[in-house]
file model01.cif (mmCIF, C-alpha atoms)
data_run
#
loop_
_atom_site.group_PDB
_atom_site.id
_atom_site.type_symbol
_atom_site.label_atom_id
_atom_site.label_comp_id
_atom_site.auth_asym_id
_atom_site.auth_seq_id
_atom_site.Cartn_x
_atom_site.Cartn_y
_atom_site.Cartn_z
ATOM 1 C CA MET G 1 0.336 -21.196 13.828
ATOM 2 C CA GLN G 2 3.053 -20.834 11.172
ATOM 3 C CA LYS G 3 1.057 -22.855 8.646
ATOM 4 C CA LYS G 4 -2.108 -20.847 9.354
ATOM 5 C CA LEU G 5 -0.188 -17.591 8.939
ATOM 6 C CA ILE G 6 1.339 -18.703 5.643
ATOM 7 C CA VAL G 7 -2.114 -19.767 4.358
ATOM 8 C CA PHE G 8 -3.564 -16.396 5.417
ATOM 9 C CA ALA G 9 -0.722 -14.413 3.788
ATOM 10 C CA SER G 10 -0.919 -16.549 0.606
ATOM 11 C CA LYS G 11 -4.668 -15.994 0.383
ATOM 12 C CA PHE G 12 -4.204 -12.239 0.767
ATOM 13 C CA VAL G 13 -1.377 -11.977 -1.799
ATOM 14 C CA GLY G 14 -3.157 -14.408 -4.173
ATOM 15 C CA ILE G 15 -6.463 -12.502 -4.123
ATOM 16 C CA TYR G 16 -4.592 -9.188 -4.483
ATOM 17 C CA LEU G 17 -2.627 -10.380 -7.533
ATOM 18 C CA LEU G 18 -5.577 -12.129 -9.185
ATOM 19 C CA LEU G 19 -7.851 -9.087 -8.881
ATOM 20 C CA ASN G 20 -5.111 -6.769 -10.134
ATOM 21 C CA LEU G 21 -4.458 -9.047 -13.094
ATOM 22 C CA LEU G 22 -8.171 -9.105 -13.991
ATOM 23 C CA TYR G 23 -8.348 -5.329 -13.586
ATOM 24 C CA LEU G 24 -5.284 -4.777 -15.814
ATOM 25 C CA LEU G 25 -6.664 -7.149 -18.461
ATOM 26 C CA TRP G 26 -9.827 -5.037 -18.479
ATOM 27 C CA ILE G 27 -7.743 -1.840 -18.757
ATOM 28 C CA SER G 28 -5.681 -3.225 -21.647
ATOM 29 C CA PHE G 29 -8.885 -4.394 -23.365
ATOM 30 C CA LEU G 30 -10.097 -0.764 -23.300
ATOM 31 C CA GLY G 31 -6.941 0.427 -25.094
ATOM 32 C CA ASN G 32 -6.865 4.223 -25.387
ATOM 33 C CA GLN G 33 -10.313 4.592 -23.904
ATOM 34 C CA ILE G 34 -10.468 5.733 -20.270
ATOM 35 C CA ASP G 35 -11.993 3.239 -17.820
ATOM 36 C CA GLY G 36 -15.385 3.943 -16.237
ATOM 37 C CA ILE G 37 -14.096 4.217 -12.661
ATOM 38 C CA SER G 38 -11.480 6.871 -13.525
ATOM 39 C CA GLU G 39 -14.130 8.720 -15.538
ATOM 40 C CA LEU G 40 -16.544 8.641 -12.577
ATOM 41 C CA VAL G 41 -13.793 9.865 -10.207
ATOM 42 C CA ALA G 42 -12.971 12.732 -12.596
ATOM 43 C CA MET G 43 -16.616 13.710 -13.076
ATOM 44 C CA VAL G 44 -17.538 13.710 -9.371
ATOM 45 C CA SER G 45 -14.336 15.616 -8.523
ATOM 46 C CA GLN G 46 -15.202 18.187 -11.188
ATOM 47 C CA LYS G 47 -18.693 18.627 -9.674
ATOM 48 C CA ILE G 48 -17.164 19.183 -6.219
ATOM 49 C CA LEU G 49 -14.645 21.695 -7.576
ATOM 50 C CA ILE G 50 -17.434 23.589 -9.390
ATOM 51 C CA LEU G 51 -19.455 23.522 -6.153
ATOM 52 C CA ILE G 52 -16.629 25.228 -4.248
ATOM 53 C CA GLY G 53 -16.158 27.865 -6.931
ATOM 54 C CA TYR G 54 -13.633 26.525 -9.465
ATOM 55 C CA ASP G 55 -15.125 26.454 -12.967
ATOM 56 C CA VAL G 56 -13.198 23.351 -14.033
ATOM 57 C CA SER G 57 -13.672 21.722 -17.420
ATOM 58 C CA LEU G 58 -12.633 18.186 -18.374
ATOM 59 C CA LEU G 59 -10.842 17.245 -21.567
ATOM 60 C CA TYR G 60 -10.424 13.653 -22.772
ATOM 61 C CA SER G 61 -6.954 13.012 -24.178
ATOM 62 C CA ASP G 62 -6.837 11.582 -27.717
ATOM 63 C CA LEU G 63 -3.438 9.981 -27.272
ATOM 64 C CA HIS G 64 -3.742 8.355 -23.839
ATOM 65 C CA PRO G 65 -6.516 7.089 -21.564
ATOM 66 C CA ARG G 66 -6.466 10.252 -19.465
ATOM 67 C CA ILE G 67 -8.777 13.084 -18.436
ATOM 68 C CA LEU G 68 -7.272 16.543 -18.086
ATOM 69 C CA PHE G 69 -8.606 19.122 -15.617
ATOM 70 C CA TYR G 70 -8.604 22.629 -17.107
ATOM 71 C CA LEU G 71 -9.210 25.994 -15.468
ATOM 72 C CA ASN G 72 -8.928 29.162 -17.606
ATOM 73 C CA ASN G 73 -7.303 27.111 -20.410
ATOM 74 C CA VAL G 74 -4.555 25.830 -18.111
ATOM 75 C CA ASN G 75 -4.196 22.103 -17.365
ATOM 76 C CA TYR G 76 -3.531 21.572 -13.657
ATOM 77 C CA ILE G 77 -4.003 17.854 -13.040
ATOM 78 C CA THR G 78 -4.581 14.679 -15.041
ATOM 79 C CA VAL G 79 -6.617 11.645 -13.986
ATOM 80 C CA SER G 80 -5.633 8.257 -15.369
ATOM 81 C CA GLU G 81 -5.947 4.580 -14.429
ATOM 82 C CA GLY G 82 -3.537 4.895 -11.481
ATOM 83 C CA CYS G 83 -5.583 7.697 -9.885
ATOM 84 C CA ASN G 84 -8.928 5.925 -9.573
ATOM 85 C CA GLY G 85 -8.236 4.231 -6.233
ATOM 86 C CA VAL G 86 -8.816 0.705 -7.546
ATOM 87 C CA SER G 87 -5.447 -0.528 -6.204
ATOM 88 C CA VAL G 88 -6.392 0.618 -2.703
ATOM 89 C CA MET G 89 -9.855 -0.924 -3.086
ATOM 90 C CA ILE G 90 -8.270 -4.224 -4.145
ATOM 91 C CA THR G 91 -5.934 -4.146 -1.100
ATOM 92 C CA PHE G 92 -8.948 -3.578 1.146
ATOM 93 C CA PHE G 93 -10.993 -6.240 -0.673
ATOM 94 C CA ALA G 94 -8.188 -8.836 -0.410
ATOM 95 C CA SER G 95 -7.607 -8.177 3.305
ATOM 96 C CA ILE G 96 -11.297 -8.599 4.206
ATOM 97 C CA LEU G 97 -11.812 -11.598 1.928
ATOM 98 C CA SER G 98 -8.780 -13.478 3.245
ATOM 99 C CA PHE G 99 -9.934 -13.059 6.844
ATOM 100 C CA LYS G 100 -12.525 -15.256 8.530
ATOM 101 C CA GLY G 101 -16.062 -13.899 8.877
ATOM 102 C CA THR G 102 -19.604 -14.462 7.679
ATOM 103 C CA ALA G 103 -20.425 -13.813 4.014
ATOM 104 C CA LYS G 104 -23.202 -11.407 4.972
ATOM 105 C CA SER G 105 -20.954 -9.232 7.139
ATOM 106 C CA LYS G 106 -18.222 -9.289 4.475
ATOM 107 C CA VAL G 107 -20.590 -8.108 1.727
ATOM 108 C CA LEU G 108 -21.992 -5.380 3.980
ATOM 109 C CA PHE G 109 -18.617 -4.144 5.193
ATOM 110 C CA LEU G 110 -16.982 -4.355 1.746
ATOM 111 C CA SER G 111 -19.767 -2.201 0.279
ATOM 112 C CA ILE G 112 -19.387 0.433 2.995
ATOM 113 C CA GLY G 113 -15.558 0.276 2.928
ATOM 114 C CA LEU G 114 -15.220 0.471 -0.859
ATOM 115 C CA PHE G 115 -17.605 3.416 -0.922
ATOM 116 C CA GLY G 116 -15.505 5.071 1.806
ATOM 117 C CA VAL G 117 -12.305 4.577 -0.216
ATOM 118 C CA PHE G 118 -14.066 5.970 -3.298
ATOM 119 C CA LEU G 119 -15.174 9.088 -1.393
ATOM 120 C CA LEU G 120 -11.702 9.638 0.039
ATOM 121 C CA ASN G 121 -10.235 9.320 -3.442
ATOM 122 C CA ILE G 122 -12.641 11.974 -4.742
ATOM 123 C CA LEU G 123 -11.478 14.210 -1.893
ATOM 124 C CA ARG G 124 -7.854 13.421 -2.816
ATOM 125 C CA VAL G 125 -8.310 14.387 -6.501
ATOM 126 C CA SER G 126 -10.196 17.579 -5.609
ATOM 127 C CA THR G 127 -7.572 18.570 -3.017
ATOM 128 C CA LEU G 128 -4.737 17.789 -5.443
ATOM 129 C CA PHE G 129 -6.340 20.155 -7.949
ATOM 130 C CA TYR G 130 -6.509 22.853 -5.270
ATOM 131 C CA VAL G 131 -2.852 22.227 -4.303
ATOM 132 C CA ALA G 132 -1.718 22.258 -7.958
ATOM 133 C CA LEU G 133 -3.533 25.551 -8.468
ATOM 134 C CA ASN G 134 -2.550 27.375 -5.284
ATOM 135 C CA HIS G 135 0.526 25.672 -3.813
ATOM 136 C CA HIS G 136 2.207 23.958 -6.748
ATOM 137 C CA GLU G 137 5.483 23.468 -4.858
ATOM 138 C CA TRP G 138 3.663 21.090 -2.470
ATOM 139 C CA PHE G 139 1.971 19.042 -5.213
ATOM 140 C CA SER G 140 4.564 16.276 -5.380
ATOM 141 C CA PHE G 141 4.585 15.839 -1.597
ATOM 142 C CA PHE G 142 0.797 15.575 -1.394
ATOM 143 C CA HIS G 143 0.531 13.360 -4.477
ATOM 144 C CA GLU G 144 3.294 10.888 -3.655
ATOM 145 C CA TYR G 145 3.397 10.856 0.128
ATOM 146 C CA ALA G 146 0.619 12.535 2.099
ATOM 147 C CA PHE G 147 -2.396 11.083 0.314
ATOM 148 C CA THR G 148 -0.834 7.644 -0.173
ATOM 149 C CA ALA G 149 -0.201 7.445 3.580
ATOM 150 C CA LEU G 150 -3.678 8.829 4.368
ATOM 151 C CA ILE G 151 -5.571 6.413 2.112
ATOM 152 C CA TYR G 152 -3.637 3.340 3.291
ATOM 153 C CA THR G 153 -4.112 4.448 6.909
ATOM 154 C CA LEU G 154 -7.869 4.523 6.243
ATOM 155 C CA VAL G 155 -7.689 1.007 4.782
ATOM 156 C CA PHE G 156 -5.860 -0.280 7.866
ATOM 157 C CA LEU G 157 -8.310 1.456 10.211
ATOM 158 C CA LEU G 158 -11.210 -0.090 8.305
ATOM 159 C CA PHE G 159 -9.505 -3.484 8.518
ATOM 160 C CA ILE G 160 -8.953 -3.066 12.278
ATOM 161 C CA PHE G 161 -12.619 -2.110 12.687
ATOM 162 C CA TRP G 162 -13.686 -5.121 10.611
ATOM 163 C CA VAL G 163 -11.555 -7.639 12.533
ATOM 164 C CA ASN G 164 -12.667 -6.131 15.840
ATOM 165 C CA THR G 165 -16.365 -6.080 14.982
ATOM 166 C CA TYR G 166 -17.104 -8.922 12.596
ATOM 167 C CA GLY G 167 -13.981 -10.990 11.993
ATOM 168 C CA GLY G 168 -13.318 -14.392 13.504
ATOM 169 C CA SER G 169 -9.804 -15.469 14.422
ATOM 170 C CA ASN G 170 -7.742 -17.047 11.647
ATOM 171 C CA PHE G 171 -5.504 -18.723 14.193
ATOM 172 C CA ASN G 172 -8.001 -20.315 16.570
ATOM 173 C CA GLU G 173 -6.241 -23.648 16.802
ATOM 174 C CA ASP G 174 -3.621 -22.041 19.030
ATOM 175 C CA ALA G 175 -6.119 -21.008 21.658
ATOM 176 C CA GLY G 176 -4.778 -21.738 25.062
ATOM 177 C CA GLN G 177 -1.140 -22.009 24.048
ATOM 178 C CA MET M 1 -3.134 3.420 20.578
ATOM 179 C CA VAL M 2 0.395 2.016 20.550
ATOM 180 C CA GLY M 3 0.722 3.088 24.188
ATOM 181 C CA GLN M 4 -2.519 1.282 25.064
ATOM 182 C CA ILE M 5 -1.323 -1.910 23.398
ATOM 183 C CA LEU M 6 2.049 -1.696 25.161
ATOM 184 C CA THR M 7 0.563 -1.263 28.623
ATOM 185 C CA LYS M 8 -1.570 -4.376 28.131
ATOM 186 C CA MET M 9 1.503 -6.528 27.540
ATOM 187 C CA PRO M 10 2.617 -7.943 30.889
ATOM 188 C CA ASP M 11 6.147 -8.665 32.180
ATOM 189 C CA ASN M 12 7.974 -6.392 29.799
ATOM 190 C CA ASN M 13 10.009 -3.251 30.159
ATOM 191 C CA TYR M 14 7.722 -0.494 28.885
ATOM 192 C CA SER M 15 10.448 2.001 27.955
ATOM 193 C CA THR M 16 12.461 -0.601 25.987
ATOM 194 C CA LYS M 17 9.362 -1.642 24.079
ATOM 195 C CA LEU M 18 8.470 1.979 23.372
ATOM 196 C CA LEU M 19 12.012 2.647 22.120
ATOM 197 C CA ILE M 20 11.928 -0.371 19.766
ATOM 198 C CA VAL M 21 8.487 0.657 18.453
ATOM 199 C CA LEU M 22 9.725 4.226 17.862
ATOM 200 C CA ILE M 23 12.846 2.970 16.045
ATOM 201 C CA GLY M 24 10.589 0.736 13.947
ATOM 202 C CA ILE M 25 8.298 3.660 13.076
ATOM 203 C CA VAL M 26 11.330 5.803 12.128
ATOM 204 C CA GLY M 27 12.552 2.907 9.937
ATOM 205 C CA LEU M 28 9.190 2.643 8.159
ATOM 206 C CA ALA M 29 8.964 6.427 7.726
ATOM 207 C CA THR M 30 12.530 6.519 6.327
ATOM 208 C CA ALA M 31 11.748 3.744 3.831
ATOM 209 C CA PHE M 32 8.575 5.589 2.766
ATOM 210 C CA LEU M 33 9.911 9.153 2.587
ATOM 211 C CA PHE M 34 13.193 8.242 0.858
ATOM 212 C CA GLN M 35 11.582 5.940 -1.718
ATOM 213 C CA ASN M 36 12.635 8.193 -4.593
ATOM 214 C CA PHE M 37 16.205 8.700 -3.402
ATOM 215 C CA ASP M 38 19.052 6.711 -4.866
ATOM 216 C CA VAL M 39 20.302 5.634 -1.440
ATOM 217 C CA LEU M 40 23.005 3.402 -2.876
ATOM 218 C CA CYS M 41 24.467 6.218 -4.951
ATOM 219 C CA LEU M 42 24.159 8.635 -2.027
ATOM 220 C CA CYS M 43 26.037 6.324 0.341
ATOM 221 C CA PHE M 44 28.624 4.643 -1.827
ATOM 222 C CA ASN M 45 29.320 6.895 -4.820
ATOM 223 C CA GLN M 46 32.649 8.068 -3.467
ATOM 224 C CA SER M 47 33.623 4.871 -1.713
ATOM 225 C CA GLY M 48 34.582 2.675 -4.672
ATOM 226 C CA PHE M 49 32.185 0.041 -3.300
ATOM 227 C CA TYR M 50 30.380 -0.164 -6.615
ATOM 228 C CA ASP M 51 31.131 0.953 -10.189
ATOM 229 C CA PHE M 52 28.497 3.586 -10.954
ATOM 230 C CA ASN M 53 29.691 3.910 -14.560
ATOM 231 C CA SER M 54 29.076 0.288 -15.549
ATOM 232 C CA ASN M 55 26.667 -0.552 -18.385
ATOM 233 C CA ASN M 56 24.018 -2.153 -16.208
ATOM 234 C CA HIS M 57 24.288 0.500 -13.498
ATOM 235 C CA ASN M 58 20.624 1.548 -13.724
ATOM 236 C CA GLU M 59 19.226 -1.976 -13.421
ATOM 237 C CA VAL M 60 21.557 -3.030 -10.611
ATOM 238 C CA ASN M 61 21.062 0.241 -8.787
ATOM 239 C CA PHE M 62 17.279 -0.011 -9.126
ATOM 240 C CA ALA M 63 17.241 -3.599 -7.841
ATOM 241 C CA LEU M 64 19.537 -2.884 -4.884
ATOM 242 C CA ASN M 65 17.576 0.200 -3.846
ATOM 243 C CA LYS M 66 14.308 -1.747 -3.922
ATOM 244 C CA LEU M 67 15.835 -4.618 -1.953
ATOM 245 C CA LEU M 68 17.190 -2.141 0.584
ATOM 246 C CA ARG M 69 13.724 -0.631 1.023
ATOM 247 C CA TYR M 70 12.156 -4.089 1.403
ATOM 248 C CA LEU M 71 14.788 -5.049 3.972
ATOM 249 C CA LEU M 72 14.270 -1.848 5.974
ATOM 250 C CA ASN M 73 10.482 -2.289 5.914
ATOM 251 C CA THR M 74 10.767 -5.922 7.002
ATOM 252 C CA LEU M 75 13.232 -5.236 9.827
ATOM 253 C CA SER M 76 11.192 -2.289 11.101
ATOM 254 C CA SER M 77 7.847 -4.146 10.976
ATOM 255 C CA VAL M 78 9.247 -7.275 12.644
ATOM 256 C CA ALA M 79 10.876 -5.100 15.338
ATOM 257 C CA ILE M 80 7.525 -3.403 16.047
ATOM 258 C CA ILE M 81 5.659 -6.727 16.030
ATOM 259 C CA HIS M 82 8.205 -8.317 18.365
ATOM 260 C CA ALA M 83 8.203 -5.374 20.778
ATOM 261 C CA VAL M 84 4.412 -5.225 20.905
ATOM 262 C CA PHE M 85 3.557 -8.940 21.101
ATOM 263 C CA LYS M 86 6.717 -10.442 22.643
ATOM 264 C CA ASP M 87 5.963 -13.699 20.870
ATOM 265 C CA SER M 88 9.107 -15.068 19.223
ATOM 266 C CA LYS M 89 7.111 -17.726 17.377
ATOM 267 C CA PHE M 90 4.918 -15.097 15.734
ATOM 268 C CA SER M 91 7.869 -12.781 14.954
ATOM 269 C CA LYS M 92 9.720 -15.701 13.334
ATOM 270 C CA SER M 93 6.633 -16.629 11.301
ATOM 271 C CA VAL M 94 6.276 -13.062 9.972
ATOM 272 C CA THR M 95 10.008 -13.015 9.103
ATOM 273 C CA LEU M 96 9.650 -16.366 7.317
ATOM 274 C CA ILE M 97 6.686 -15.065 5.293
ATOM 275 C CA GLN M 98 8.687 -11.956 4.341
ATOM 276 C CA ILE M 99 11.607 -14.173 3.230
ATOM 277 C CA LEU M 100 9.231 -16.364 1.182
ATOM 278 C CA ILE M 101 7.763 -13.246 -0.468
ATOM 279 C CA LEU M 102 11.302 -12.056 -1.233
ATOM 280 C CA ILE M 103 12.282 -15.389 -2.836
ATOM 281 C CA ILE M 104 9.045 -15.916 -4.776
ATOM 282 C CA PHE M 105 8.008 -12.432 -5.844
ATOM 283 C CA PHE M 106 11.159 -10.318 -6.208
ATOM 284 C CA PRO M 107 12.500 -12.171 -9.282
ATOM 285 C CA LEU M 108 9.060 -11.660 -10.896
ATOM 286 C CA TYR M 109 8.969 -8.041 -9.725
ATOM 287 C CA PHE M 110 12.337 -7.240 -11.356
ATOM 288 C CA TYR M 111 11.392 -9.137 -14.513
ATOM 289 C CA PHE M 112 8.168 -7.102 -14.788
ATOM 290 C CA ALA M 113 10.034 -3.851 -14.017
ATOM 291 C CA PHE M 114 12.427 -4.247 -16.966
ATOM 292 C CA SER M 115 9.880 -5.746 -19.345
ATOM 293 C CA ASN M 116 8.738 -3.981 -22.519
ATOM 294 C CA ILE M 117 5.273 -5.531 -22.373
ATOM 295 C CA LEU M 118 2.684 -3.002 -21.157
ATOM 296 C CA LEU M 119 0.659 -5.474 -19.061
ATOM 297 C CA LEU M 120 3.791 -6.620 -17.227
ATOM 298 C CA THR M 121 4.964 -3.070 -16.477
ATOM 299 C CA GLN M 122 1.476 -2.315 -15.128
ATOM 300 C CA LEU M 123 1.659 -5.475 -12.997
ATOM 301 C CA TYR M 124 5.039 -4.265 -11.741
ATOM 302 C CA GLN M 125 3.346 -1.101 -10.436
ATOM 303 C CA LYS M 126 0.744 -3.182 -8.597
ATOM 304 C CA LEU M 127 3.414 -5.490 -7.136
ATOM 305 C CA ASN M 128 5.324 -2.376 -6.095
ATOM 306 C CA ILE M 129 2.452 -1.401 -3.762
ATOM 307 C CA ILE M 130 2.274 -4.710 -1.944
ATOM 308 C CA LEU M 131 6.002 -5.511 -1.867
ATOM 309 C CA LEU M 132 7.542 -2.170 -0.998
ATOM 310 C CA ASN M 133 5.059 -1.161 1.680
ATOM 311 C CA PRO M 134 4.693 -3.132 4.926
ATOM 312 C CA ILE M 135 1.121 -4.183 4.052
ATOM 313 C CA VAL M 136 1.523 -7.940 4.686
ATOM 314 C CA PRO M 137 3.255 -7.621 8.125
ATOM 315 C CA PHE M 138 0.670 -5.004 9.180
ATOM 316 C CA ILE M 139 -2.284 -7.198 8.236
ATOM 317 C CA LEU M 140 -0.712 -10.191 9.992
ATOM 318 C CA GLY M 141 0.003 -8.069 13.071
ATOM 319 C CA ILE M 142 -3.529 -6.674 13.257
ATOM 320 C CA SER M 143 -5.055 -10.152 12.878
ATOM 321 C CA TYR M 144 -2.761 -11.555 15.580
ATOM 322 C CA TYR M 145 -3.540 -8.699 17.981
ATOM 323 C CA PHE M 146 -7.268 -9.375 17.803
ATOM 324 C CA LYS M 147 -6.709 -13.125 18.067
ATOM 325 C CA ARG M 148 -4.810 -12.575 21.326
ATOM 326 C CA ARG M 149 -7.356 -10.130 22.621
ATOM 327 C CA LYS M 150 -10.186 -12.598 22.031
ATOM 328 C CA LEU M 151 -8.430 -15.467 23.855
#
call {"tool": "encode", "arguments": {"input": "model01.cif", "output": "structure tokens"}}
result
Amino acid sequence: MQKKLIVFASKFVGIYLLLNLLYLLWISFLGNQIDGISELVAMVSQKILILIGYDVSLLYSDLHPRILFYLNNVNYITVSEGCNGVSVMITFFASILSFKGTAKSKVLFLSIGLFGVFLLNILRVSTLFYVALNHHEWFSFFHEYAFTALIYTLVFLLFIFWVNTYGGSNFNEDAGQ
Amino acid sequence: MVGQILTKMPDNNYSTKLLIVLIGIVGLATAFLFQNFDVLCLCFNQSGFYDFNSNNHNEVNFALNKLLRYLLNTLSSVAIIHAVFKDSKFSKSVTLIQILILIIFFPLYFYFAFSNILLLTQLYQKLNIILLNPIVPFILGISYYFKRRKL
């Protein structure tokens, strides 16, 4: 079992690091230009905020790859590479990919799961704007703790659902021990 | 859910298991909530245990705080895993994997953290997520739980 566990953990950590490295190479290739995923997150969040009554405008920073959220000429939050949820998506991707299961079920579940993480991240950015605007003293708590815990809890719940529904056992050789 | 898992485990004292799981959860919560506190400085500043005015204070302090968090996460996760599954072989395997991660990745993690190269500092942030949160023990635990349930 020990060998199987080490192989499983190595696969997970290896896929996680490789995907992050590729992602960061892409980010550094873009230079001062904001990446497409962060831009999409910012734009959808802006639409949601407008829908609920906040006339938010976006401003692209000239100095850094960042998008600033403005309301009445005041900047409340900033979206950059670290806010786009890709790290969480990569964690989810690596956990599903390193586990046993059919390719078809993996593709299907990854698509649904990644979309779920994307939606939750949109909700996170929109809520953070609301918190920054109305309860600024709570911003740091929500940004650093509450939403990090919430998003990773979702990833673990999705992983549990995946293993329970589609996943095969990675440690089958020990059956009966 | 934890309660459901615990009741399914035969031949074990339920209240002891629950206590260990609760202590483990408190350990994980402490490591998470106090991630921005300089625990070392808070605990030992007045004790003379460590020279907080030395030249490399920031680097040493940073490294020790991160190691402390990793240690607390590992101990708490292994305690939970051991209380829930009562399988010494599995608990030892998870501990071994955590030790291997510590030996292989922490030197790289600290090198990236103090690097001036942008790509490496960005990689440090990504390593930070996987090393300083109990992601690996959790994934191993979940996989093992479903393996046992399917047997």
call {"tool": "atom_distance", "arguments": {"input": "model01.cif", "atom1": "CA of Ile142 (chain M)", "atom2": "CA of Leu21 (chain G)"}}
result
26.5 Å
call {"tool": "closest_residue", "arguments": {"input": "model01.cif", "among": "G:Tyr152, G:Phe118, G:Trp162, G:Tyr70", "to": "Gly85 (chain G)", "atoms": "all atoms listed in the file"}}
result
G:Phe118
call {"tool": "atom_distance", "arguments": {"input": "model01.cif", "atom1": "CA of Gln2 (chain G)", "atom2": "CA of Ser93 (chain M)"}}
result
5.5 Å
call {"tool": "resolve_selection", "arguments": {"input": "model01.cif", "expression": "the PyMOL selection byres ((chain M) within 7 of (chain G))", "output": "list in words"}}
result
Ser93, Ile97, Leu119, Val136, Ile142, Ser143, Phe146, Lys147 and Leu151 of chain M
call {"tool": "closest_residue", "arguments": {"input": "model01.cif", "among": "G:Tyr60, G:Tyr54, G:Gly116, G:His143", "to": "Asn72 (chain G)", "atoms": "only C-alpha atoms"}}
result
G:Tyr54
call {"tool": "build_atoms", "arguments": {"input": "model01.cif", "residues": "region 8-26 of chain G", "atoms": "N, CA and C atoms", "output": "short mmCIF file (atom, residue, chain, number, x, y, z; two decimals), in the frame of the given file"}}
result
data_model
loop_
_atom_site.label_atom_id
_atom_site.label_comp_id
_atom_site.auth_asym_id
_atom_site.auth_seq_id
_atom_site.Cartn_x
_atom_site.Cartn_y
_atom_site.Cartn_z
N PHE G 8 -2.90 -17.71 5.38
CA PHE G 8 -3.56 -16.40 5.42
C PHE G 8 -2.84 -15.40 4.50
N ALA G 9 -1.51 -15.34 4.62
CA ALA G 9 -0.72 -14.41 3.79
C ALA G 9 -0.84 -14.78 2.31
N SER G 10 -0.81 -16.10 2.01
CA SER G 10 -0.92 -16.55 0.61
C SER G 10 -2.27 -16.18 0.02
N LYS G 11 -3.32 -16.35 0.85
CA LYS G 11 -4.67 -15.99 0.38
C LYS G 11 -4.74 -14.51 0.06
N PHE G 12 -4.19 -13.69 0.96
CA PHE G 12 -4.20 -12.24 0.77
C PHE G 12 -3.45 -11.85 -0.51
N VAL G 13 -2.21 -12.34 -0.63
CA VAL G 13 -1.38 -11.98 -1.80
C VAL G 13 -2.00 -12.54 -3.08
N GLY G 14 -2.53 -13.77 -3.00
CA GLY G 14 -3.16 -14.41 -4.17
C GLY G 14 -4.36 -13.62 -4.67
N ILE G 15 -5.26 -13.26 -3.74
CA ILE G 15 -6.46 -12.50 -4.12
C ILE G 15 -6.04 -11.14 -4.69
N TYR G 16 -5.07 -10.51 -4.04
CA TYR G 16 -4.59 -9.19 -4.48
C TYR G 16 -4.07 -9.26 -5.92
N LEU G 17 -3.23 -10.27 -6.20
CA LEU G 17 -2.63 -10.38 -7.53
C LEU G 17 -3.66 -10.77 -8.59
N LEU G 18 -4.56 -11.69 -8.23
CA LEU G 18 -5.58 -12.13 -9.18
C LEU G 18 -6.49 -10.97 -9.58
N LEU G 19 -6.96 -10.22 -8.59
CA LEU G 19 -7.85 -9.09 -8.88
C LEU G 19 -7.14 -8.01 -9.70
N ASN G 20 -5.87 -7.76 -9.37
CA ASN G 20 -5.11 -6.77 -10.13
C ASN G 20 -4.91 -7.22 -11.57
N LEU G 21 -4.65 -8.51 -11.74
CA LEU G 21 -4.46 -9.05 -13.09
C LEU G 21 -5.74 -8.89 -13.91
N LEU G 22 -6.88 -9.25 -13.30
CA LEU G 22 -8.17 -9.10 -13.99
C LEU G 22 -8.44 -7.64 -14.34
N TYR G 23 -8.14 -6.77 -13.38
CA TYR G 23 -8.35 -5.33 -13.59
C TYR G 23 -7.47 -4.82 -14.74
N LEU G 24 -6.20 -5.25 -14.76
CA LEU G 24 -5.28 -4.78 -15.81
C LEU G 24 -5.67 -5.34 -17.18
N LEU G 25 -6.20 -6.58 -17.18
CA LEU G 25 -6.66 -7.15 -18.46
C LEU G 25 -7.83 -6.32 -19.00
N TRP G 26 -8.69 -5.90 -18.10
CA TRP G 26 -9.83 -5.04 -18.48
C TRP G 26 -9.32 -3.70 -19.02
#
